[in-house]
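I have placed the structure first, in the form of structure tokens, so that the comments after it can refer back to it.
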Amino acid sequence: MKGITLLALSIFSTAFLSFAPVSKKYIVIDASHGGNDQGVIYGDFKEKDITLSIAKEIQKLNGSQGEYEVILTRDTDIFPTLSERTAQINKLNPEMVISLHVNSSPQKETTNQGTEIFTQNSEVSRKLAEKISKKFDAQKIEERNLHMLRETKAPAVLVELGFMNNSVDRKYITSENGQKEIAQKFVEIINEH
Ligand SMILES: [Zn+2]
């Protein structure tokens, strides 16, 4: 089944919402970057592909049977602007928003490793970050004034999944197993919500 994206929802929202069970709650997974915006690049690896692949895996693993419906900001290689993303998210009014990114540092190779989580200036955002941190053993939780966090009204976090220029992280986040494991952890977080 093809997943539902925010764009599809905005086009068909009237029809869609009238058929959606009242109890359905939405979780938005933001596959960052896309299209001409590649994000971080290392050889053939691109941040935009990694975030898309993991986002789609989260939607697939979560399925549509549970209490939460996972909606993606994109499910192809396109670039919705940050303003388009947050405008659509605010229309949908989801329970939470998780924006997926890949980190990098100025050096060619780095010993920096692991997950970093950025939060809004709110208790709910920090609590969500704590849950994610427990699963991923995060190196850092920090409040950040970023468009995605500032303009999103729902509880939101931005997760840097690992460093592209760290060989251990790179191997993990670009491998099929690593991506499946990451997606599975997010599905658990969503359903423990
Ligand atoms: Zn990014």
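The chains in the structure tokens are called A, B, ... from first to last as shown; in each chain the residues are counted from 1, and the ligands are counted from 1 in the order shown.
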
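For ligand 1, the protein and nucleic acid residues at most 7 Å away, judged by only C-alpha atoms and all ligand atoms, amount to Ser32, His33, Gly39, Val40, Glu47, His101, Val102 and Asn103 of chain A.
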
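For stretch 39-86 of chain A, backbone-based DSSP assignment of strand (DSSP E) covers A:Ile41, A:Tyr42, A:Phe45, A:Lys46, A:Tyr68, A:Glu69, A:Val70, A:Ile71, A:Leu72.
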
**Message:** Just want the 10 Å neighbourhood of A:Ile89, counted on only C-alpha atoms, with same-chain residues fewer than 6 positions away dropped. Output as number ranges by chain.
**Reply:** A: 6, 10, 26-28, 30, 71-73, 83, 96-97, 148, 151-154

Stretch 118-121 of chain A: which residues within 6 Å, counting only C-alpha atoms, same-chain residues fewer than 4 positions away excluded, as an mmCIF file with C-alpha atoms, in the first residue's frame?
```
data_model
loop_
_atom_site.group_PDB
_atom_site.id
_atom_site.type_symbol
_atom_site.label_atom_id
_atom_site.label_comp_id
_atom_site.auth_asym_id
_atom_site.auth_seq_id
_atom_site.Cartn_x
_atom_site.Cartn_y
_atom_site.Cartn_z
ATOM 1 C CA SER A 125 8.879 18.209 23.192
ATOM 2 C CA ARG A 126 11.517 17.534 25.865
ATOM 3 C CA ILE A 141 19.327 16.724 23.903
ATOM 4 C CA GLU A 142 19.223 20.439 23.277
ATOM 5 C CA GLU A 143 16.639 23.131 22.618
ATOM 6 C CA ARG A 144 17.167 24.700 19.179
ATOM 7 C CA LEU A 149 10.625 23.183 15.639
ATOM 8 C CA VAL A 157 11.686 16.980 17.775
ATOM 9 C CA LEU A 158 14.459 16.909 15.220
#
```

**Request:** Any chance you could list, as a ChimeraX atom specification, the residues in stretch 94-193 of chain A that come up helix (DSSP H, G or I) when DSSP is run on the backbone?
**Result:** /A:123-136,147-151,167-174,176-192

Could the residues in this selection be saved with N, CA and C atoms as a tab-separated table (two decimals), in the first residue's frame?
```
chain	number	residue	atom	x	y	z
A	123	GLU	N	7.73	21.43	27.37
A	123	GLU	CA	7.87	20.23	28.19
A	123	GLU	C	7.55	18.98	27.36
A	124	VAL	N	6.49	19.03	26.53
A	124	VAL	CA	6.10	17.85	25.73
A	124	VAL	C	7.18	17.47	24.73
A	125	SER	N	7.80	18.47	24.15
A	125	SER	CA	8.88	18.21	23.19
A	125	SER	C	10.07	17.57	23.91
A	126	ARG	N	10.40	18.11	25.08
A	126	ARG	CA	11.52	17.53	25.87
A	126	ARG	C	11.21	16.10	26.30
A	127	LYS	N	9.94	15.84	26.67
A	127	LYS	CA	9.56	14.48	27.08
A	127	LYS	C	9.69	13.50	25.93
A	128	LEU	N	9.27	13.91	24.75
A	128	LEU	CA	9.41	13.08	23.56
A	128	LEU	C	10.90	12.82	23.29
A	129	ALA	N	11.70	13.84	23.44
A	129	ALA	CA	13.14	13.70	23.23
A	129	ALA	C	13.74	12.70	24.23
A	130	GLU	N	13.27	12.73	25.46
A	130	GLU	CA	13.76	11.79	26.49
A	130	GLU	C	13.46	10.35	26.09
A	131	LYS	N	12.23	10.12	25.59
A	131	LYS	CA	11.84	8.77	25.16
A	131	LYS	C	12.74	8.28	24.03
A	132	ILE	N	12.96	9.16	23.06
A	132	ILE	CA	13.81	8.79	21.92
A	132	ILE	C	15.24	8.55	22.40
A	133	SER	N	15.68	9.39	23.32
A	133	SER	CA	17.03	9.29	23.86
A	133	SER	C	17.26	7.94	24.52
A	134	LYS	N	16.25	7.46	25.25
A	134	LYS	CA	16.38	6.16	25.92
A	134	LYS	C	16.60	5.04	24.91
A	135	LYS	N	15.84	5.07	23.82
A	135	LYS	CA	15.94	4.02	22.79
A	135	LYS	C	17.26	4.08	22.04
A	136	PHE	N	17.71	5.31	21.79
A	136	PHE	CA	18.87	5.48	20.91
A	136	PHE	C	20.15	5.82	21.68
A	147	HIS	N	13.51	26.23	12.15
A	147	HIS	CA	12.19	26.45	11.54
A	147	HIS	C	11.19	25.34	11.89
A	148	MET	N	11.62	24.10	11.66
A	148	MET	CA	10.74	22.95	11.85
A	148	MET	C	10.19	22.89	13.29
A	149	LEU	N	11.02	23.26	14.23
A	149	LEU	CA	10.63	23.18	15.64
A	149	LEU	C	9.85	24.45	16.05
A	150	ARG	N	10.32	25.58	15.57
A	150	ARG	CA	9.72	26.86	15.95
A	150	ARG	C	8.32	27.00	15.37
A	151	GLU	N	8.13	26.60	14.11
A	151	GLU	CA	6.86	26.86	13.41
A	151	GLU	C	5.84	25.73	13.57
A	167	SER	N	32.63	6.42	10.43
A	167	SER	CA	32.47	5.17	9.66
A	167	SER	C	31.47	4.20	10.31
A	168	VAL	N	31.45	4.16	11.64
A	168	VAL	CA	30.53	3.25	12.33
A	168	VAL	C	29.08	3.70	12.11
A	169	ASP	N	28.82	4.98	12.33
A	169	ASP	CA	27.47	5.53	12.12
A	169	ASP	C	27.05	5.36	10.66
A	170	ARG	N	27.98	5.70	9.76
A	170	ARG	CA	27.66	5.66	8.33
A	170	ARG	C	27.24	4.25	7.90
A	171	LYS	N	28.00	3.27	8.36
A	171	LYS	CA	27.69	1.88	8.02
A	171	LYS	C	26.29	1.52	8.51
A	172	TYR	N	25.98	1.95	9.73
A	172	TYR	CA	24.71	1.60	10.35
A	172	TYR	C	23.52	2.28	9.66
A	173	ILE	N	23.60	3.59	9.50
A	173	ILE	CA	22.43	4.31	8.97
A	173	ILE	C	22.21	4.11	7.47
A	174	THR	N	23.23	3.58	6.76
A	174	THR	CA	23.04	3.33	5.33
A	174	THR	C	22.72	1.86	5.05
A	176	GLU	N	20.60	-1.75	5.30
A	176	GLU	CA	19.18	-2.12	5.38
A	176	GLU	C	18.81	-2.50	6.81
A	177	ASN	N	19.68	-3.29	7.45
A	177	ASN	CA	19.40	-3.71	8.83
A	177	ASN	C	19.36	-2.53	9.80
A	178	GLY	N	20.33	-1.64	9.66
A	178	GLY	CA	20.38	-0.46	10.51
A	178	GLY	C	19.13	0.38	10.36
A	179	GLN	N	18.73	0.60	9.11
A	179	GLN	CA	17.55	1.43	8.85
A	179	GLN	C	16.29	0.77	9.40
A	180	LYS	N	16.20	-0.55	9.28
A	180	LYS	CA	15.03	-1.27	9.82
A	180	LYS	C	14.99	-1.17	11.34
A	181	GLU	N	16.17	-1.29	11.95
A	181	GLU	CA	16.24	-1.22	13.41
A	181	GLU	C	15.86	0.18	13.91
A	182	ILE	N	16.36	1.19	13.22
A	182	ILE	CA	16.01	2.57	13.58
A	182	ILE	C	14.50	2.78	13.45
A	183	ALA	N	13.94	2.33	12.32
A	183	ALA	CA	12.50	2.50	12.08
A	183	ALA	C	11.68	1.79	13.16
A	184	GLN	N	12.12	0.57	13.51
A	184	GLN	CA	11.42	-0.22	14.53
A	184	GLN	C	11.39	0.53	15.87
A	185	LYS	N	12.49	1.16	16.22
A	185	LYS	CA	12.55	1.92	17.48
A	185	LYS	C	11.56	3.08	17.47
A	186	PHE	N	11.46	3.76	16.33
A	186	PHE	CA	10.50	4.87	16.25
A	186	PHE	C	9.06	4.37	16.33
A	187	VAL	N	8.80	3.21	15.71
A	187	VAL	CA	7.44	2.64	15.78
A	187	VAL	C	7.09	2.32	17.24
A	188	GLU	N	8.07	1.80	17.98
A	188	GLU	CA	7.84	1.53	19.41
A	188	GLU	C	7.55	2.82	20.16
A	189	ILE	N	8.31	3.85	19.88
A	189	ILE	CA	8.12	5.14	20.56
A	189	ILE	C	6.71	5.68	20.26
A	190	ILE	N	6.31	5.59	18.98
A	190	ILE	CA	4.99	6.07	18.58
A	190	ILE	C	3.89	5.34	19.34
A	191	ASN	N	4.03	4.02	19.44
A	191	ASN	CA	2.96	3.23	20.03
A	191	ASN	C	2.99	3.15	21.55
A	192	GLU	N	4.08	3.61	22.14
A	192	GLU	CA	4.13	3.75	23.60
A	192	GLU	C	3.55	5.09	24.01
```

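Atom to atom, atom CA of A:Pro155 and atom CA of A:Ile117 stand 13.3 Å apart.
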
**Item:** Interatomic distance (Å, one decimal) between atom CA of A:Gly114 and atom CA of A:Asp137
**Value:** 7.9 Å

**Prompt:** Which residue, A:Val70, A:Thr111, A:Pro80, A:Ile54, has the smallest gap to A:Asn36 when you use only C-alpha atoms?
**Reply:** A:Pro80

**Request:** Would you kindly return, as a ChimeraX atom specification, each protein, DNA or RNA residue with an atom no farther than 8 Å from any atom of A:Tyr42, considering only C-alpha atoms and excluding same-chain residues fewer than 2 positions away?
**Result:** /A:40,44-46,164-165

Next, write the just-selected residues to a file, as a short mmCIF file (atom, residue, chain, number, x, y, z; two decimals), in the first residue's frame, keeping C-alpha atoms as the atom set.
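Listing of again18.cif after writing:
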```cif
data_model
loop_
_atom_site.label_atom_id
_atom_site.label_comp_id
_atom_site.auth_asym_id
_atom_site.auth_seq_id
_atom_site.Cartn_x
_atom_site.Cartn_y
_atom_site.Cartn_z
CA VAL A 40 24.81 15.76 3.90
CA ASP A 44 27.25 7.94 -2.99
CA PHE A 45 25.38 8.33 0.29
CA LYS A 46 22.96 11.23 0.59
CA MET A 164 27.72 10.60 7.98
CA ASN A 165 31.46 11.17 8.36
#
```

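Going from atom CA of A:Thr115 to atom CA of A:Ile50 covers 14.6 Å.
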
Which residues are close to A:Glu116, i.e. within 7 Å by only C-alpha atoms, leaving aside same-chain residues fewer than 3 positions away? Reply as a PDB file with N, CA and C atoms, in the first residue's frame.
```pdb
ATOM      1  N   ALA A 138      21.023   8.576  23.194  1.00  0.00           N
ATOM      2  CA  ALA A 138      21.452   9.820  22.549  1.00  0.00           C
ATOM      3  C   ALA A 138      22.599  10.506  23.279  1.00  0.00           C
ATOM      4  N   GLN A 139      23.441  11.166  22.504  1.00  0.00           N
ATOM      5  CA  GLN A 139      24.592  11.878  23.053  1.00  0.00           C
ATOM      6  C   GLN A 139      24.202  13.263  23.551  1.00  0.00           C
ATOM      7  N   LYS A 140      23.085  13.774  23.041  1.00  0.00           N
ATOM      8  CA  LYS A 140      22.761  15.169  23.312  1.00  0.00           C
ATOM      9  C   LYS A 140      21.270  15.426  23.150  1.00  0.00           C
ATOM     10  N   ILE A 141      20.673  16.173  24.089  1.00  0.00           N
ATOM     11  CA  ILE A 141      19.327  16.724  23.903  1.00  0.00           C
ATOM     12  C   ILE A 141      19.462  18.218  24.134  1.00  0.00           C
ATOM     13  N   VAL A 159      15.661  14.822  14.960  1.00  0.00           N
ATOM     14  CA  VAL A 159      16.616  13.797  15.368  1.00  0.00           C
ATOM     15  C   VAL A 159      17.739  13.657  14.336  1.00  0.00           C
ATOM     16  N   GLU A 160      18.952  13.893  14.779  1.00  0.00           N
ATOM     17  CA  GLU A 160      20.138  13.621  13.952  1.00  0.00           C
ATOM     18  C   GLU A 160      20.510  12.168  14.242  1.00  0.00           C
ATOM     19  N   LEU A 161      20.333  11.297  13.247  1.00  0.00           N
ATOM     20  CA  LEU A 161      20.410   9.857  13.489  1.00  0.00           C
ATOM     21  C   LEU A 161      21.826   9.328  13.662  1.00  0.00           C
TER      22      LEU A 161
END
```
